[in-house]
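Asks: Can you keep this structure in mind? I'll have questions shortly.
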Amino acid sequence: MSEKALKWTDRAVVVFAWSSAIILICALFLLIGSLLKNGWQTLGLDLIFGNAPPLDAILLKRRVFGGLFPAIAGTLLLVVLSVSLAVPIGVCAGVYMSEYASAGLRRILGLCFDILAGVPSIVVGLFGFSGAIILHRIFDGFRPCLAVSAASLAILVLPYLVRTTQTSMQGISPGLRITALALGASKMQNIVYVLLPRSMSGILSGIVLAIGRCAEDTAVIMLTGVVATAGVPGSLFGQYEALPFYIYYISSQYTDQAELMTGYGASIILLCVCLALFLIALGVRKGLSHQVFYRI
Amino acid sequence: MDNSIIKITDLHFSYNGLKVLKGVTHSFEKNTLTAITGPSGKGKSTFLTTLNRLWEDVPGAALQGCVELKIAEKWRDVYASSMDIAALRRMVGMVFQIPNPLPMSIFRNMAFPLKLAGVKEKDQVQAKVQEALERAFLWDEVKDRLHSSALELSGGQQQRLCIARALILEPMVLLFDEPTSSLDYQAAGMIEDLLVSLKESCTVLMVSHYLDQVSRIADSRLELADGKLLLSNISR
Ligand SMILES: Nc1ncnc2c1ncn2[C@@H]1O[C@H](COP(=O)(O)OP(=O)(O)OP(=O)(O)O)[C@@H](O)[C@H]1O
Ligand SMILES: [Mg+2]
């Protein structure tokens, strides 16, 4: 290519990259803008707590009717439960994949996890539902509930956790890998004291992804125990409310404009909940820069 | 009297069929400093790792032959199934070309191998850390900042820290893989003095690319050529 043509392609690439980024940012602002425009009037303590006094509602002294509090509580509980179920299993599986599996096994298992990552969430929901039916046959009175949803969501996010753990561990330089071994560390000590701390920031990125997925998924929970009104879940085996389902429900069943508006309000709150969870996870990642993990 | 401490007989080594060592036979004497030289990519680093079994996690690597170490006046086969690998690596320490302190404080770096070995007593750890740092000529430079990050040290200081960290386990043999090639002239000079002083307590094997360095500090020189170790003279 001539020098001039090279210069022009160079420029075209830059322009293309810039415009792509701008389109993306515009789309984001449009989305958030339309949500805010439609939903901001509904925002307020009423939207969350209905007519119950906020403190009483938070302390569970008074049940909230006509407010989103039970749905927010349900979503938070769901995220915490499913992530704390998935993280230990996912990280251990990731460690196995990176450190113990033979090359062939790693390829086969990797394919399995990739397939699992590609399974539509409605299918995972159906799987959870069938599980609940089987459990119902064994334990009388068992029905789809918070525990079933959390377990199904855990399955949904497991592949992300496995893959992020595996890739960040495999990315560790050979030099660092043998540092502790040369000082007489066993394989286990090397993993616990050097390799895992080193991969912590990658693992936390996986956890952030998982949190987002658990908070937004509607298909799985629709089949496994979420309902429109249940109040704050009292036990793992009770039905519950969740924000994404509330949004879906309101926007498909609304009777008047005002009701639809609460759907927008709920979307804004869902975004805020996700943002808060992300910020916590990122704060953990930053505050505990990997040096903190090298405690021995 | 036989003064040797490492005995290697007919050692063959290959990576995925690529033959790197083709019948190395040699004995290393106690309290000597032996330099290993030779062209790049011919297996010098590999040879060092056959002594502490550090190659074993490499897929496709294979070893044949015999490596023996004289432990408490008895010859022990390094590759015997009864050999505890962690214990072996505590006896045969290794220092690499690029200094590899862990991202923690100087003190924690030093205490790390002791913790791995299960030494818990605080006073003992403290004393050993100081002693090892003194032997590596580093104590005076770091005694006031033991709890700051090891990554803040200069390259030469980091390398001396890594040597001190290997010394804290009181190894019988120390392997150095081009320990000065990432350092400037002055820092390298300090490491050279340190290596000579280590001969008192250990047997030192050092891979080096610098013949002038070899002539300054080594007792003997082995040239790795064509998969074999050949005794070569040192031009002084
Ligand atoms: N982990 C590995 N897997 C496969 N082959 C390897 C591996 N490490 C080294 N080799 C090969 O073995 C040969 C010897 O490598 P080695 O690192 O021992 O050479 P060297 O003499 O130390 O070289 P240099 O002076 O450049 O450090 C090289 O041809 C290299 O490609
Ligand atoms: Mg080398």
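Note on naming: chains are A, B, ... as they come in the structure tokens, residues start from 1 per chain, ligands start from 1 in the order shown.
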Just want the residues within 10 Å of ligand 2, written as a short mmCIF file (atom, residue, chain, number, x, y, z; two decimals) with N, CA and C atoms, in the first residue's frame, counting only C-alpha atoms and all ligand atoms.
Replies:
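What ended up in part18.cif:
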data_model
loop_
_atom_site.label_atom_id
_atom_site.label_comp_id
_atom_site.auth_asym_id
_atom_site.auth_seq_id
_atom_site.Cartn_x
_atom_site.Cartn_y
_atom_site.Cartn_z
N GLY B 38 27.91 -21.51 28.14
CA GLY B 38 27.51 -22.16 26.90
C GLY B 38 26.54 -21.30 26.14
N PRO B 39 26.33 -21.66 24.88
CA PRO B 39 25.45 -20.85 24.04
C PRO B 39 24.00 -20.85 24.55
N SER B 40 23.26 -19.84 24.14
CA SER B 40 21.87 -19.70 24.57
C SER B 40 21.01 -20.84 24.04
N GLY B 41 20.06 -21.27 24.87
CA GLY B 41 19.09 -22.28 24.42
C GLY B 41 19.63 -23.68 24.37
N LYS B 42 20.78 -23.94 25.02
CA LYS B 42 21.35 -25.28 24.94
C LYS B 42 21.07 -26.11 26.19
N GLY B 43 20.37 -25.52 27.16
CA GLY B 43 19.95 -26.35 28.29
C GLY B 43 20.62 -26.06 29.61
N LYS B 44 21.22 -24.88 29.77
CA LYS B 44 21.86 -24.58 31.05
C LYS B 44 20.82 -24.45 32.17
N SER B 45 19.76 -23.67 31.88
CA SER B 45 18.71 -23.52 32.90
C SER B 45 18.08 -24.87 33.20
N THR B 46 17.84 -25.61 32.14
CA THR B 46 17.24 -26.92 32.31
C THR B 46 18.10 -27.80 33.21
N PHE B 47 19.41 -27.76 32.97
CA PHE B 47 20.31 -28.57 33.79
C PHE B 47 20.14 -28.22 35.27
N LEU B 48 20.09 -26.94 35.60
CA LEU B 48 19.93 -26.55 37.00
C LEU B 48 18.65 -27.13 37.59
N PHE B 96 16.85 -16.86 40.43
CA PHE B 96 16.61 -16.74 39.00
C PHE B 96 17.23 -15.47 38.41
N GLN B 97 17.19 -15.42 37.10
CA GLN B 97 17.75 -14.28 36.39
C GLN B 97 17.05 -12.97 36.74
N ASP B 177 20.74 -18.94 38.30
CA ASP B 177 20.56 -18.90 36.85
C ASP B 177 20.79 -17.48 36.36
N GLU B 178 21.98 -17.20 35.89
CA GLU B 178 22.35 -15.85 35.44
C GLU B 178 21.90 -14.78 36.44
N VAL B 207 24.97 -20.34 36.47
CA VAL B 207 24.99 -20.18 35.02
C VAL B 207 25.39 -18.75 34.74
N SER B 208 26.32 -18.55 33.83
CA SER B 208 26.72 -17.18 33.52
C SER B 208 27.05 -17.05 32.05
N HIS B 209 26.78 -15.88 31.53
CA HIS B 209 27.14 -15.61 30.14
C HIS B 209 28.44 -14.84 30.05
#
Asks: Got a sec to pull out which chain B residues are within 8 Å of chain A, counting only C-alpha atoms, and send them as a VMD selection string?
Replies: chain B and resid 52 54 85 to 90 93 to 94 100 103 to 104 112 to 113 115 to 117 166
Asks: Just list the residues in range 145-229 of chain B DSSP gives alpha helix (DSSP H) on the backbone, as a PDB file with all heavy atoms, in the first residue's frame.
Replies:
ATOM      1  N   GLY B 155      16.607  -3.038  41.669  1.00  0.00           N
ATOM      2  CA  GLY B 155      16.811  -4.359  41.091  1.00  0.00           C
ATOM      3  C   GLY B 155      17.877  -5.166  41.822  1.00  0.00           C
ATOM      4  O   GLY B 155      17.680  -6.339  42.139  1.00  0.00           O
ATOM      5  N   GLY B 156      19.007  -4.526  42.105  1.00  0.00           N
ATOM      6  CA  GLY B 156      20.087  -5.225  42.793  1.00  0.00           C
ATOM      7  C   GLY B 156      19.693  -5.621  44.204  1.00  0.00           C
ATOM      8  O   GLY B 156      20.010  -6.723  44.662  1.00  0.00           O
ATOM      9  N   GLN B 157      18.974  -4.712  44.872  1.00  0.00           N
ATOM     10  CA  GLN B 157      18.514  -5.040  46.230  1.00  0.00           C
ATOM     11  C   GLN B 157      17.517  -6.190  46.191  1.00  0.00           C
ATOM     12  O   GLN B 157      17.559  -7.093  47.028  1.00  0.00           O
ATOM     13  CB  GLN B 157      17.862  -3.808  46.869  1.00  0.00           C
ATOM     14  CG  GLN B 157      18.865  -2.749  47.285  1.00  0.00           C
ATOM     15  CD  GLN B 157      18.175  -1.473  47.747  1.00  0.00           C
ATOM     16  OE1 GLN B 157      17.120  -1.105  47.214  1.00  0.00           O
ATOM     17  NE2 GLN B 157      18.758  -0.798  48.698  1.00  0.00           N
ATOM     18  N   GLN B 158      16.633  -6.158  45.188  1.00  0.00           N
ATOM     19  CA  GLN B 158      15.655  -7.245  45.071  1.00  0.00           C
ATOM     20  C   GLN B 158      16.357  -8.578  44.876  1.00  0.00           C
ATOM     21  O   GLN B 158      15.971  -9.585  45.466  1.00  0.00           O
ATOM     22  CB  GLN B 158      14.717  -6.997  43.886  1.00  0.00           C
ATOM     23  CG  GLN B 158      13.711  -5.904  44.135  1.00  0.00           C
ATOM     24  CD  GLN B 158      12.672  -5.813  43.027  1.00  0.00           C
ATOM     25  OE1 GLN B 158      12.571  -6.680  42.173  1.00  0.00           O
ATOM     26  NE2 GLN B 158      11.893  -4.751  43.067  1.00  0.00           N
ATOM     27  N   GLN B 159      17.411  -8.571  44.049  1.00  0.00           N
ATOM     28  CA  GLN B 159      18.116  -9.826  43.812  1.00  0.00           C
ATOM     29  C   GLN B 159      18.797 -10.307  45.090  1.00  0.00           C
ATOM     30  O   GLN B 159      18.785 -11.493  45.395  1.00  0.00           O
ATOM     31  CB  GLN B 159      19.119  -9.673  42.659  1.00  0.00           C
ATOM     32  CG  GLN B 159      19.693 -10.972  42.129  1.00  0.00           C
ATOM     33  CD  GLN B 159      18.662 -11.904  41.512  1.00  0.00           C
ATOM     34  OE1 GLN B 159      17.664 -12.244  42.136  1.00  0.00           O
ATOM     35  NE2 GLN B 159      18.913 -12.347  40.291  1.00  0.00           N
ATOM     36  N   ARG B 160      19.394  -9.372  45.854  1.00  0.00           N
ATOM     37  CA  ARG B 160      20.000  -9.794  47.120  1.00  0.00           C
ATOM     38  C   ARG B 160      18.935 -10.296  48.095  1.00  0.00           C
ATOM     39  O   ARG B 160      19.172 -11.219  48.864  1.00  0.00           O
ATOM     40  CB  ARG B 160      20.812  -8.641  47.738  1.00  0.00           C
ATOM     41  CG  ARG B 160      22.220  -8.553  47.130  1.00  0.00           C
ATOM     42  CD  ARG B 160      23.005  -7.412  47.698  1.00  0.00           C
ATOM     43  NE  ARG B 160      22.622  -6.162  47.078  1.00  0.00           N
ATOM     44  CZ  ARG B 160      22.595  -4.993  47.708  1.00  0.00           C
ATOM     45  NH1 ARG B 160      22.930  -4.910  48.981  1.00  0.00           N
ATOM     46  NH2 ARG B 160      22.234  -3.909  47.071  1.00  0.00           N
ATOM     47  N   LEU B 161      17.736  -9.671  48.029  1.00  0.00           N
ATOM     48  CA  LEU B 161      16.635 -10.161  48.868  1.00  0.00           C
ATOM     49  C   LEU B 161      16.289 -11.601  48.488  1.00  0.00           C
ATOM     50  O   LEU B 161      16.073 -12.455  49.349  1.00  0.00           O
ATOM     51  CB  LEU B 161      15.407  -9.261  48.705  1.00  0.00           C
ATOM     52  CG  LEU B 161      14.165  -9.700  49.481  1.00  0.00           C
ATOM     53  CD1 LEU B 161      14.378  -9.489  50.974  1.00  0.00           C
ATOM     54  CD2 LEU B 161      12.929  -8.945  49.025  1.00  0.00           C
ATOM     55  N   CYS B 162      16.255 -11.862  47.181  1.00  0.00           N
ATOM     56  CA  CYS B 162      15.912 -13.216  46.740  1.00  0.00           C
ATOM     57  C   CYS B 162      16.978 -14.216  47.179  1.00  0.00           C
ATOM     58  O   CYS B 162      16.670 -15.350  47.544  1.00  0.00           O
ATOM     59  CB  CYS B 162      15.741 -13.260  45.228  1.00  0.00           C
ATOM     60  SG  CYS B 162      14.299 -12.328  44.701  1.00  0.00           S
ATOM     61  N   ILE B 163      18.239 -13.774  47.151  1.00  0.00           N
ATOM     62  CA  ILE B 163      19.308 -14.661  47.624  1.00  0.00           C
ATOM     63  C   ILE B 163      19.149 -14.900  49.126  1.00  0.00           C
ATOM     64  O   ILE B 163      19.219 -16.039  49.601  1.00  0.00           O
ATOM     65  CB  ILE B 163      20.685 -14.064  47.292  1.00  0.00           C
ATOM     66  CG1 ILE B 163      20.855 -13.970  45.766  1.00  0.00           C
ATOM     67  CG2 ILE B 163      21.798 -14.917  47.894  1.00  0.00           C
ATOM     68  CD1 ILE B 163      22.114 -13.265  45.319  1.00  0.00           C
ATOM     69  N   ALA B 164      18.877 -13.816  49.855  1.00  0.00           N
ATOM     70  CA  ALA B 164      18.680 -13.956  51.298  1.00  0.00           C
ATOM     71  C   ALA B 164      17.516 -14.884  51.593  1.00  0.00           C
ATOM     72  O   ALA B 164      17.572 -15.708  52.503  1.00  0.00           O
ATOM     73  CB  ALA B 164      18.425 -12.593  51.933  1.00  0.00           C
ATOM     74  N   ARG B 165      16.465 -14.778  50.782  1.00  0.00           N
ATOM     75  CA  ARG B 165      15.278 -15.598  50.994  1.00  0.00           C
ATOM     76  C   ARG B 165      15.605 -17.072  50.774  1.00  0.00           C
ATOM     77  O   ARG B 165      15.069 -17.955  51.450  1.00  0.00           O
ATOM     78  CB  ARG B 165      14.182 -15.140  50.031  1.00  0.00           C
ATOM     79  CG  ARG B 165      12.823 -15.676  50.306  1.00  0.00           C
ATOM     80  CD  ARG B 165      11.809 -15.067  49.386  1.00  0.00           C
ATOM     81  NE  ARG B 165      12.101 -15.341  47.984  1.00  0.00           N
ATOM     82  CZ  ARG B 165      11.382 -14.883  46.967  1.00  0.00           C
ATOM     83  NH1 ARG B 165      10.335 -14.115  47.191  1.00  0.00           N
ATOM     84  NH2 ARG B 165      11.710 -15.164  45.737  1.00  0.00           N
ATOM     85  N   ALA B 166      16.486 -17.334  49.797  1.00  0.00           N
ATOM     86  CA  ALA B 166      16.905 -18.725  49.588  1.00  0.00           C
ATOM     87  C   ALA B 166      17.822 -19.174  50.726  1.00  0.00           C
ATOM     88  O   ALA B 166      17.791 -20.331  51.140  1.00  0.00           O
ATOM     89  CB  ALA B 166      17.604 -18.863  48.245  1.00  0.00           C
ATOM     90  N   LEU B 167      18.634 -18.240  51.241  1.00  0.00           N
ATOM     91  CA  LEU B 167      19.591 -18.600  52.294  1.00  0.00           C
ATOM     92  C   LEU B 167      18.921 -18.915  53.617  1.00  0.00           C
ATOM     93  O   LEU B 167      19.463 -19.656  54.441  1.00  0.00           O
ATOM     94  CB  LEU B 167      20.565 -17.435  52.524  1.00  0.00           C
ATOM     95  CG  LEU B 167      21.688 -17.278  51.523  1.00  0.00           C
ATOM     96  CD1 LEU B 167      22.467 -16.017  51.820  1.00  0.00           C
ATOM     97  CD2 LEU B 167      22.598 -18.500  51.587  1.00  0.00           C
ATOM     98  N   TYR B 185      26.399  -2.882  36.384  1.00  0.00           N
ATOM     99  CA  TYR B 185      27.746  -3.312  36.723  1.00  0.00           C
ATOM    100  C   TYR B 185      27.986  -3.336  38.234  1.00  0.00           C
ATOM    101  O   TYR B 185      28.493  -4.318  38.788  1.00  0.00           O
ATOM    102  CB  TYR B 185      28.718  -2.353  36.040  1.00  0.00           C
ATOM    103  CG  TYR B 185      30.158  -2.667  36.253  1.00  0.00           C
ATOM    104  CD1 TYR B 185      30.742  -3.762  35.603  1.00  0.00           C
ATOM    105  CD2 TYR B 185      30.934  -1.890  37.099  1.00  0.00           C
ATOM    106  CE1 TYR B 185      32.066  -4.060  35.805  1.00  0.00           C
ATOM    107  CE2 TYR B 185      32.262  -2.191  37.304  1.00  0.00           C
ATOM    108  CZ  TYR B 185      32.830  -3.268  36.665  1.00  0.00           C
ATOM    109  OH  TYR B 185      34.129  -3.562  36.875  1.00  0.00           O
ATOM    110  N   GLN B 186      27.568  -2.258  38.904  1.00  0.00           N
ATOM    111  CA  GLN B 186      27.860  -2.146  40.330  1.00  0.00           C
ATOM    112  C   GLN B 186      27.065  -3.159  41.151  1.00  0.00           C
ATOM    113  O   GLN B 186      27.605  -3.844  42.019  1.00  0.00           O
ATOM    114  CB  GLN B 186      27.504  -0.741  40.791  1.00  0.00           C
ATOM    115  CG  GLN B 186      28.632  -0.111  41.535  1.00  0.00           C
ATOM    116  CD  GLN B 186      28.297   1.324  41.901  1.00  0.00           C
ATOM    117  OE1 GLN B 186      27.228   1.852  41.575  1.00  0.00           O
ATOM    118  NE2 GLN B 186      29.207   1.949  42.585  1.00  0.00           N
ATOM    119  N   ALA B 187      25.775  -3.251  40.844  1.00  0.00           N
ATOM    120  CA  ALA B 187      24.926  -4.213  41.551  1.00  0.00           C
ATOM    121  C   ALA B 187      25.445  -5.623  41.306  1.00  0.00           C
ATOM    122  O   ALA B 187      25.480  -6.460  42.214  1.00  0.00           O
ATOM    123  CB  ALA B 187      23.491  -4.081  41.082  1.00  0.00           C
ATOM    124  N   ALA B 188      25.887  -5.879  40.076  1.00  0.00           N
ATOM    125  CA  ALA B 188      26.422  -7.200  39.752  1.00  0.00           C
ATOM    126  C   ALA B 188      27.668  -7.490  40.587  1.00  0.00           C
ATOM    127  O   ALA B 188      27.849  -8.606  41.076  1.00  0.00           O
ATOM    128  CB  ALA B 188      26.746  -7.283  38.264  1.00  0.00           C
ATOM    129  N   GLY B 189      28.507  -6.465  40.761  1.00  0.00           N
ATOM    130  CA  GLY B 189      29.716  -6.655  41.552  1.00  0.00           C
ATOM    131  C   GLY B 189      29.409  -7.093  42.980  1.00  0.00           C
ATOM    132  O   GLY B 189      30.054  -7.990  43.532  1.00  0.00           O
ATOM    133  N   MET B 190      28.390  -6.482  43.548  1.00  0.00           N
ATOM    134  CA  MET B 190      27.999  -6.855  44.911  1.00  0.00           C
ATOM    135  C   MET B 190      27.540  -8.301  44.988  1.00  0.00           C
ATOM    136  O   MET B 190      27.865  -9.028  45.922  1.00  0.00           O
ATOM    137  CB  MET B 190      26.848  -5.964  45.367  1.00  0.00           C
ATOM    138  CG  MET B 190      27.322  -4.802  46.189  1.00  0.00           C
ATOM    139  SD  MET B 190      25.942  -3.796  46.598  1.00  0.00           S
ATOM    140  CE  MET B 190      26.176  -3.665  48.337  1.00  0.00           C
ATOM    141  N   ILE B 191      26.733  -8.707  43.972  1.00  0.00           N
ATOM    142  CA  ILE B 191      26.255 -10.089  43.965  1.00  0.00           C
ATOM    143  C   ILE B 191      27.439 -11.040  43.831  1.00  0.00           C
ATOM    144  O   ILE B 191      27.489 -12.096  44.471  1.00  0.00           O
ATOM    145  CB  ILE B 191      25.266 -10.310  42.802  1.00  0.00           C
ATOM    146  CG1 ILE B 191      24.118  -9.314  42.882  1.00  0.00           C
ATOM    147  CG2 ILE B 191      24.781 -11.741  42.754  1.00  0.00           C
ATOM    148  CD1 ILE B 191      22.911  -9.736  43.612  1.00  0.00           C
ATOM    149  N   GLU B 192      28.424 -10.660  43.010  1.00  0.00           N
ATOM    150  CA  GLU B 192      29.597 -11.526  42.836  1.00  0.00           C
ATOM    151  C   GLU B 192      30.304 -11.745  44.163  1.00  0.00           C
ATOM    152  O   GLU B 192      30.633 -12.878  44.524  1.00  0.00           O
ATOM    153  CB  GLU B 192      30.562 -10.905  41.814  1.00  0.00           C
ATOM    154  CG  GLU B 192      30.081 -11.066  40.386  1.00  0.00           C
ATOM    155  CD  GLU B 192      31.004 -10.372  39.388  1.00  0.00           C
ATOM    156  OE1 GLU B 192      32.158 -10.033  39.758  1.00  0.00           O
ATOM    157  OE2 GLU B 192      30.569 -10.181  38.237  1.00  0.00           O
ATOM    158  N   ASP B 193      30.538 -10.638  44.915  1.00  0.00           N
ATOM    159  CA  ASP B 193      31.174 -10.788  46.230  1.00  0.00           C
ATOM    160  C   ASP B 193      30.359 -11.713  47.119  1.00  0.00           C
ATOM    161  O   ASP B 193      30.895 -12.555  47.842  1.00  0.00           O
ATOM    162  CB  ASP B 193      31.298  -9.418  46.918  1.00  0.00           C
ATOM    163  CG  ASP B 193      32.242  -8.509  46.154  1.00  0.00           C
ATOM    164  OD1 ASP B 193      33.011  -9.039  45.330  1.00  0.00           O
ATOM    165  OD2 ASP B 193      32.200  -7.285  46.373  1.00  0.00           O
ATOM    166  N   LEU B 194      29.038 -11.532  47.034  1.00  0.00           N
ATOM    167  CA  LEU B 194      28.137 -12.340  47.847  1.00  0.00           C
ATOM    168  C   LEU B 194      28.283 -13.818  47.496  1.00  0.00           C
ATOM    169  O   LEU B 194      28.395 -14.675  48.379  1.00  0.00           O
ATOM    170  CB  LEU B 194      26.715 -11.833  47.621  1.00  0.00           C
ATOM    171  CG  LEU B 194      25.556 -12.597  48.219  1.00  0.00           C
ATOM    172  CD1 LEU B 194      25.768 -12.781  49.709  1.00  0.00           C
ATOM    173  CD2 LEU B 194      24.259 -11.840  47.968  1.00  0.00           C
ATOM    174  N   LEU B 195      28.323 -14.113  46.183  1.00  0.00           N
ATOM    175  CA  LEU B 195      28.425 -15.510  45.752  1.00  0.00           C
ATOM    176  C   LEU B 195      29.691 -16.150  46.302  1.00  0.00           C
ATOM    177  O   LEU B 195      29.677 -17.287  46.782  1.00  0.00           O
ATOM    178  CB  LEU B 195      28.425 -15.600  44.219  1.00  0.00           C
ATOM    179  CG  LEU B 195      27.121 -15.241  43.525  1.00  0.00           C
ATOM    180  CD1 LEU B 195      27.207 -15.543  42.034  1.00  0.00           C
ATOM    181  CD2 LEU B 195      25.980 -16.002  44.128  1.00  0.00           C
ATOM    182  N   VAL B 196      30.797 -15.404  46.236  1.00  0.00           N
ATOM    183  CA  VAL B 196      32.062 -15.959  46.740  1.00  0.00           C
ATOM    184  C   VAL B 196      31.940 -16.256  48.238  1.00  0.00           C
ATOM    185  O   VAL B 196      32.373 -17.299  48.718  1.00  0.00           O
ATOM    186  CB  VAL B 196      33.220 -14.978  46.461  1.00  0.00           C
ATOM    187  CG1 VAL B 196      34.499 -15.470  47.118  1.00  0.00           C
ATOM    188  CG2 VAL B 196      33.419 -14.819  44.961  1.00  0.00           C
ATOM    189  N   SER B 197      31.282 -15.340  48.957  1.00  0.00           N
ATOM    190  CA  SER B 197      31.168 -15.548  50.403  1.00  0.00           C
ATOM    191  C   SER B 197      30.269 -16.739  50.738  1.00  0.00           C
ATOM    192  O   SER B 197      30.393 -17.338  51.804  1.00  0.00           O
ATOM    193  CB  SER B 197      30.635 -14.287  51.081  1.00  0.00           C
ATOM    194  OG  SER B 197      29.243 -14.175  50.850  1.00  0.00           O
ATOM    195  N   LEU B 198      29.383 -17.079  49.823  1.00  0.00           N
ATOM    196  CA  LEU B 198      28.468 -18.190  50.094  1.00  0.00           C
ATOM    197  C   LEU B 198      29.172 -19.538  50.097  1.00  0.00           C
ATOM    198  O   LEU B 198      28.678 -20.506  50.658  1.00  0.00           O
ATOM    199  CB  LEU B 198      27.354 -18.229  49.036  1.00  0.00           C
ATOM    200  CG  LEU B 198      26.317 -17.120  49.117  1.00  0.00           C
ATOM    201  CD1 LEU B 198      25.282 -17.294  48.034  1.00  0.00           C
ATOM    202  CD2 LEU B 198      25.665 -17.119  50.480  1.00  0.00           C
ATOM    203  N   LEU B 211      32.252 -14.361  30.607  1.00  0.00           N
ATOM    204  CA  LEU B 211      33.479 -15.095  30.909  1.00  0.00           C
ATOM    205  C   LEU B 211      34.352 -14.330  31.886  1.00  0.00           C
ATOM    206  O   LEU B 211      35.066 -14.928  32.700  1.00  0.00           O
ATOM    207  CB  LEU B 211      34.240 -15.389  29.615  1.00  0.00           C
ATOM    208  CG  LEU B 211      33.558 -16.478  28.773  1.00  0.00           C
ATOM    209  CD1 LEU B 211      34.341 -16.739  27.495  1.00  0.00           C
ATOM    210  CD2 LEU B 211      33.404 -17.769  29.568  1.00  0.00           C
ATOM    211  N   ASP B 212      34.307 -12.972  31.834  1.00  0.00           N
ATOM    212  CA  ASP B 212      35.112 -12.218  32.795  1.00  0.00           C
ATOM    213  C   ASP B 212      34.586 -12.434  34.204  1.00  0.00           C
ATOM    214  O   ASP B 212      35.350 -12.575  35.149  1.00  0.00           O
ATOM    215  CB  ASP B 212      35.141 -10.734  32.421  1.00  0.00           C
ATOM    216  CG  ASP B 212      33.754 -10.154  32.246  1.00  0.00           C
ATOM    217  OD1 ASP B 212      32.841 -10.927  31.891  1.00  0.00           O
ATOM    218  OD2 ASP B 212      33.576  -8.952  32.479  1.00  0.00           O
ATOM    219  N   GLN B 213      33.275 -12.508  34.332  1.00  0.00           N
ATOM    220  CA  GLN B 213      32.700 -12.790  35.646  1.00  0.00           C
ATOM    221  C   GLN B 213      33.136 -14.168  36.130  1.00  0.00           C
ATOM    222  O   GLN B 213      33.557 -14.335  37.272  1.00  0.00           O
ATOM    223  CB  GLN B 213      31.168 -12.742  35.554  1.00  0.00           C
ATOM    224  CG  GLN B 213      30.465 -13.037  36.857  1.00  0.00           C
ATOM    225  CD  GLN B 213      28.959 -12.919  36.720  1.00  0.00           C
ATOM    226  OE1 GLN B 213      28.333 -13.634  35.934  1.00  0.00           O
ATOM    227  NE2 GLN B 213      28.372 -12.005  37.472  1.00  0.00           N
ATOM    228  N   VAL B 214      33.074 -15.125  35.222  1.00  0.00           N
ATOM    229  CA  VAL B 214      33.480 -16.482  35.576  1.00  0.00           C
ATOM    230  C   VAL B 214      34.932 -16.486  36.056  1.00  0.00           C
ATOM    231  O   VAL B 214      35.261 -17.079  37.089  1.00  0.00           O
ATOM    232  CB  VAL B 214      33.306 -17.420  34.362  1.00  0.00           C
ATOM    233  CG1 VAL B 214      33.905 -18.785  34.651  1.00  0.00           C
ATOM    234  CG2 VAL B 214      31.833 -17.547  34.007  1.00  0.00           C
ATOM    235  N   SER B 215      35.787 -15.777  35.320  1.00  0.00           N
ATOM    236  CA  SER B 215      37.207 -15.802  35.697  1.00  0.00           C
ATOM    237  C   SER B 215      37.431 -15.102  37.036  1.00  0.00           C
ATOM    238  O   SER B 215      38.360 -15.430  37.759  1.00  0.00           O
ATOM    239  CB  SER B 215      38.054 -15.152  34.604  1.00  0.00           C
ATOM    240  OG  SER B 215      37.771 -13.773  34.562  1.00  0.00           O
ATOM    241  N   ARG B 216      36.588 -14.155  37.395  1.00  0.00           N
ATOM    242  CA  ARG B 216      36.751 -13.471  38.676  1.00  0.00           C
ATOM    243  C   ARG B 216      36.375 -14.365  39.847  1.00  0.00           C
ATOM    244  O   ARG B 216      37.047 -14.379  40.867  1.00  0.00           O
ATOM    245  CB  ARG B 216      35.879 -12.206  38.722  1.00  0.00           C
ATOM    246  CG  ARG B 216      36.541 -10.957  38.147  1.00  0.00           C
ATOM    247  CD  ARG B 216      35.802  -9.718  38.590  1.00  0.00           C
ATOM    248  NE  ARG B 216      34.396  -9.679  38.150  1.00  0.00           N
ATOM    249  CZ  ARG B 216      34.006  -9.245  36.951  1.00  0.00           C
ATOM    250  NH1 ARG B 216      34.892  -8.812  36.089  1.00  0.00           N
ATOM    251  NH2 ARG B 216      32.723  -9.244  36.619  1.00  0.00           N
ATOM    252  N   ILE B 217      35.259 -15.120  39.723  1.00  0.00           N
ATOM    253  CA  ILE B 217      34.751 -15.750  40.942  1.00  0.00           C
ATOM    254  C   ILE B 217      34.685 -17.272  40.933  1.00  0.00           C
ATOM    255  O   ILE B 217      34.591 -17.886  41.978  1.00  0.00           O
ATOM    256  CB  ILE B 217      33.357 -15.194  41.313  1.00  0.00           C
ATOM    257  CG1 ILE B 217      32.326 -15.523  40.231  1.00  0.00           C
ATOM    258  CG2 ILE B 217      33.424 -13.704  41.538  1.00  0.00           C
ATOM    259  CD1 ILE B 217      30.915 -15.100  40.629  1.00  0.00           C
TER     260      ILE B 217
END
Asks: Show me, as a PyMOL selection string, the residues that have an atom within 10 Å of range 84-99 of chain A when counting only C-alpha atoms, minus same-chain residues fewer than 2 positions from it.
Replies: chain A and resi 78-82+101-103+105-107+109-110+150-171+187-188+191+195-196+203-204+206-207+210
Asks: Which is closer to Asn3 in chain B than all the others in B:His147, B:Thr180, B:Arg221, B:Thr32, using only C-alpha atoms?
Replies: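 With only C-alpha atoms as the atom set, the closest residue is B:Thr32.
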Asks: Could you name the residues that touch range 7-15 of chain B at 7 Å or less, counting only C-alpha atoms, but leaving out those on the same chain fewer than 2 positions away, as a count of residues only?
Replies: 23
Asks: To one decimal place, how far is CA of Tyr100 in chain A from CA of Pro59 in chain B in Å?
Replies: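 Straight-line distance from CA of Tyr100 in chain A to CA of Pro59 in chain B works out to 12.1 Å.
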